[in-house]
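Peer 1: The structure file coords-v1.cif (mmCIF, C-alpha atoms) is provided below.
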data_run
loop_
_atom_site.label_atom_id
_atom_site.label_comp_id
_atom_site.auth_asym_id
_atom_site.auth_seq_id
_atom_site.Cartn_x
_atom_site.Cartn_y
_atom_site.Cartn_z
CA MET A 1 -27.55 285.75 93.12
CA ALA A 2 -28.11 283.91 89.84
CA GLU A 3 -25.05 283.10 87.76
CA GLY A 4 -24.18 285.92 85.44
CA ASN A 5 -26.16 288.32 87.59
CA VAL A 6 -23.14 290.09 89.01
CA SER A 7 -22.86 293.78 89.76
CA ALA A 8 -19.35 294.67 88.59
CA ASP A 9 -19.25 297.75 90.85
CA GLU A 10 -20.41 295.92 93.95
CA LEU A 11 -18.00 293.05 93.31
CA ARG A 12 -15.10 295.42 92.68
CA LEU A 13 -15.78 297.27 95.94
CA LEU A 14 -15.83 294.01 97.89
CA ILE A 15 -12.60 292.82 96.25
CA GLU A 16 -10.92 296.16 96.91
CA ARG A 17 -11.93 296.08 100.57
CA ILE A 18 -10.33 292.64 100.85
CA GLU A 19 -7.19 293.84 99.09
CA ARG A 20 -6.84 296.84 101.39
CA LEU A 21 -7.16 294.60 104.45
CA GLU A 22 -4.62 292.15 103.01
CA GLU A 23 -2.26 295.08 102.37
CA GLU A 24 -2.57 296.17 106.00
CA LYS A 25 -1.95 292.60 107.11
CA LYS A 26 1.18 292.50 104.98
CA GLY A 27 2.33 295.77 106.53
CA LEU A 28 1.91 294.34 110.01
CA GLY A 29 3.83 291.25 108.95
CA ASP A 30 6.65 293.54 107.85
CA ASP A 31 6.46 295.33 111.21
CA VAL A 32 6.82 291.98 112.98
CA LYS A 33 9.89 291.22 110.88
CA ASP A 34 11.30 294.62 111.83
CA VAL A 35 10.90 293.89 115.54
CA TYR A 36 12.70 290.57 115.15
CA GLY A 37 15.43 292.39 113.23
CA GLU A 38 15.71 294.98 115.97
CA ALA A 39 15.87 292.22 118.60
CA LYS A 40 18.60 290.49 116.64
CA ALA A 41 20.56 293.73 116.41
CA ARG A 42 20.35 293.92 120.21
CA GLY A 43 21.78 290.43 120.50
CA TYR A 44 18.64 288.32 120.90
CA ASP A 45 18.10 285.16 118.88
CA PRO A 46 14.99 285.55 116.67
CA LYS A 47 14.47 281.81 116.33
CA THR A 48 14.30 281.33 120.09
CA MET A 49 12.00 284.34 120.35
CA ARG A 50 9.66 282.80 117.78
CA THR A 51 9.55 279.67 119.91
CA ILE A 52 8.68 281.77 122.96
CA VAL A 53 5.93 283.59 121.08
CA ARG A 54 4.51 280.23 119.99
CA LEU A 55 4.69 278.79 123.53
CA ARG A 56 2.99 281.85 124.99
CA ARG A 57 0.24 281.64 122.36
CA MET A 58 -0.34 277.96 123.18
CA GLU A 59 -0.51 278.74 126.88
CA LYS A 60 -2.91 281.61 126.29
CA ASN A 61 -5.15 279.43 124.11
CA ALA A 62 -5.22 276.71 126.76
CA ARG A 63 -6.03 279.31 129.44
CA ASP A 64 -8.79 280.85 127.29
CA GLU A 65 -10.29 277.43 126.63
CA ALA A 66 -10.23 276.52 130.32
CA GLU A 67 -11.92 279.82 131.18
CA ALA A 68 -14.60 279.36 128.51
CA LEU A 69 -15.31 275.88 129.78
CA LEU A 70 -15.55 277.17 133.34
CA GLU A 71 -18.03 279.84 132.21
CA THR A 72 -20.09 277.17 130.43
CA TYR A 73 -20.22 274.98 133.54
CA LYS A 74 -21.03 277.95 135.78
CA ALA A 75 -23.83 279.04 133.45
CA ALA A 76 -25.18 275.48 133.31
CA LEU A 77 -25.31 275.36 137.12
CA GLY A 78 -26.62 278.88 137.56
CA LEU A 79 -23.49 280.09 139.37
CA GLY A 80 -22.79 283.82 139.29
CA MET B 1 24.86 289.59 123.64
CA ALA B 2 26.55 286.70 125.40
CA GLU B 3 24.44 283.71 126.31
CA GLY B 4 22.75 284.18 129.64
CA ASN B 5 23.12 287.93 129.35
CA VAL B 6 19.48 288.65 128.74
CA SER B 7 17.52 291.63 130.01
CA ALA B 8 14.16 290.16 131.01
CA ASP B 9 12.45 293.54 130.72
CA GLU B 10 13.87 294.34 127.30
CA LEU B 11 13.05 290.86 126.02
CA ARG B 12 9.52 291.01 127.41
CA LEU B 13 8.89 294.37 125.73
CA LEU B 14 10.09 293.03 122.38
CA ILE B 15 7.94 289.90 122.71
CA GLU B 16 4.92 291.98 123.70
CA ARG B 17 5.37 294.28 120.70
CA ILE B 18 5.40 291.22 118.45
CA GLU B 19 2.31 289.83 120.16
CA ARG B 20 0.39 293.07 119.74
CA LEU B 21 1.24 293.18 116.03
CA GLU B 22 0.21 289.53 115.64
CA GLU B 23 -3.08 290.31 117.40
CA GLU B 24 -3.73 293.16 114.97
CA LYS B 25 -2.89 290.86 112.07
CA LYS B 26 -5.36 288.32 113.38
CA GLY B 27 -8.00 291.04 113.68
CA LEU B 28 -7.47 292.00 110.04
CA GLY B 29 -7.72 288.34 109.07
CA ASP B 30 -11.07 288.24 110.82
CA ASP B 31 -12.11 291.40 108.96
CA VAL B 32 -11.22 289.73 105.66
CA LYS B 33 -13.35 286.73 106.63
CA ASP B 34 -16.20 289.11 107.44
CA VAL B 35 -16.03 290.70 103.99
CA TYR B 36 -16.15 287.27 102.34
CA GLY B 37 -19.11 286.43 104.56
CA GLU B 38 -20.83 289.65 103.58
CA ALA B 39 -20.15 288.94 99.91
CA LYS B 40 -21.56 285.45 100.29
CA ALA B 41 -24.69 286.86 101.93
CA ARG B 42 -25.09 289.09 98.87
CA GLY B 43 -24.89 286.05 96.61
CA TYR B 44 -21.23 286.10 95.54
CA ASP B 45 -19.11 282.95 95.66
CA PRO B 46 -16.22 283.42 98.13
CA LYS B 47 -14.08 280.73 96.52
CA THR B 48 -14.21 282.42 93.13
CA MET B 49 -13.50 285.76 94.80
CA ARG B 50 -10.39 284.28 96.45
CA THR B 51 -9.22 283.16 93.02
CA ILE B 52 -9.76 286.68 91.67
CA VAL B 53 -7.82 288.21 94.57
CA ARG B 54 -4.95 285.79 93.89
CA LEU B 55 -4.96 286.53 90.16
CA ARG B 56 -4.95 290.28 90.75
CA ARG B 57 -2.06 289.92 93.21
CA MET B 58 -0.05 287.91 90.66
CA GLU B 59 -0.72 290.50 87.98
CA LYS B 60 0.24 293.33 90.30
CA ASN B 61 3.48 291.57 91.29
CA ALA B 62 4.38 291.00 87.66
CA ARG B 63 3.65 294.66 86.87
CA ASP B 64 5.71 295.86 89.85
CA GLU B 65 8.62 293.66 88.81
CA ALA B 66 8.50 294.90 85.23
CA GLU B 67 8.47 298.49 86.45
CA ALA B 68 11.38 297.90 88.82
CA LEU B 69 13.39 296.34 86.02
CA LEU B 70 12.59 299.26 83.73
CA GLU B 71 13.79 301.69 86.42
CA THR B 72 17.01 299.68 86.79
CA TYR B 73 17.69 299.77 83.05
CA LYS B 74 16.84 303.48 82.82
CA ALA B 75 19.16 304.25 85.73
CA ALA B 76 21.94 302.14 84.17
CA LEU B 77 21.64 304.12 80.93
CA GLY B 78 21.22 307.49 82.58
CA LEU B 79 17.70 308.00 81.29
CA GLY B 80 15.49 310.38 83.23
#
Take the structure in the file and give it back as structure tokens.

Peer 2:
Amino acid sequence: MAEGNVSADELRLLIERIERLEEEKKGLGDDVKDVYGEAKARGYDPKTMRTIVRLRRMEKNARDEAEALLETYKAALGLG
Amino acid sequence: MAEGNVSADELRLLIERIERLEEEKKGLGDDVKDVYGEAKARGYDPKTMRTIVRLRRMEKNARDEAEALLETYKAALGLG
């Protein structure tokens, strides 16, 4: 699109779609905070839980990577 | 809850709730990226759009704050 050749309506719709998605994201972030608050109220330590969530994510990423690599090698060698 | 007095099941359920919410958040983040990609394909500049989104958010926050303050003052003075 040439500079200055902007459809205000089209642009506004795109921006509004992004803003709605960002709003939903924010809502989910608030939900996460609520769960940590609920956990704290039940006697769990949120900080330690955040560490656990991070560790589990790292483990899952490593596992996913290993699996993807295995699939690549299998495909390269024609293994089912 | 005393240290060491942790219900593994309860803790796991809390962690899993957080992980599901984080997954959904990530999905929305991907959706946002898709919209920027779509906008780019239509000739809009994603970087400028991000600036617009930020400016609109700042304006909205300022407006919300001003309204909240007005409500506080009205309530303090017994105005309807």

Peer 1: Show me which bits of chain B are within 7 Å of chain A, counting only C-alpha atoms, as a list of chain:residue names.

Peer 2: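 Every residue meeting the condition is included here: B:Met1, B:Leu14, B:Ile15, B:Ile18, B:Leu21, B:Lys25, B:Leu28, B:Val32, B:Val35, B:Ala39, B:Gly43, B:Tyr44, B:Val53.
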
Peer 1: Using CA of Asp64 in chain A and CA of Thr51 in chain A as the two end points, give the distance in Å to one decimal.

Peer 2: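 Between CA of Asp64 in chain A and CA of Thr51 in chain A the gap is 19.8 Å.
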
Peer 1: Tell me, in Å to one decimal, how far CA of Met58 in chain B is from CA of Ala76 in chain B.

Peer 2: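 Computed distance, CA of Met58 in chain B to CA of Ala76 in chain B, equals 27.0 Å.
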
Peer 1: Could you work out how far CA of Thr48 in chain B lies from CA of Arg12 in chain A, giving the answer in Å with one decimal?

Peer 2: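 Taking CA of Arg12 in chain A as the start and CA of Thr48 in chain B as the end point, the length is 13.0 Å.
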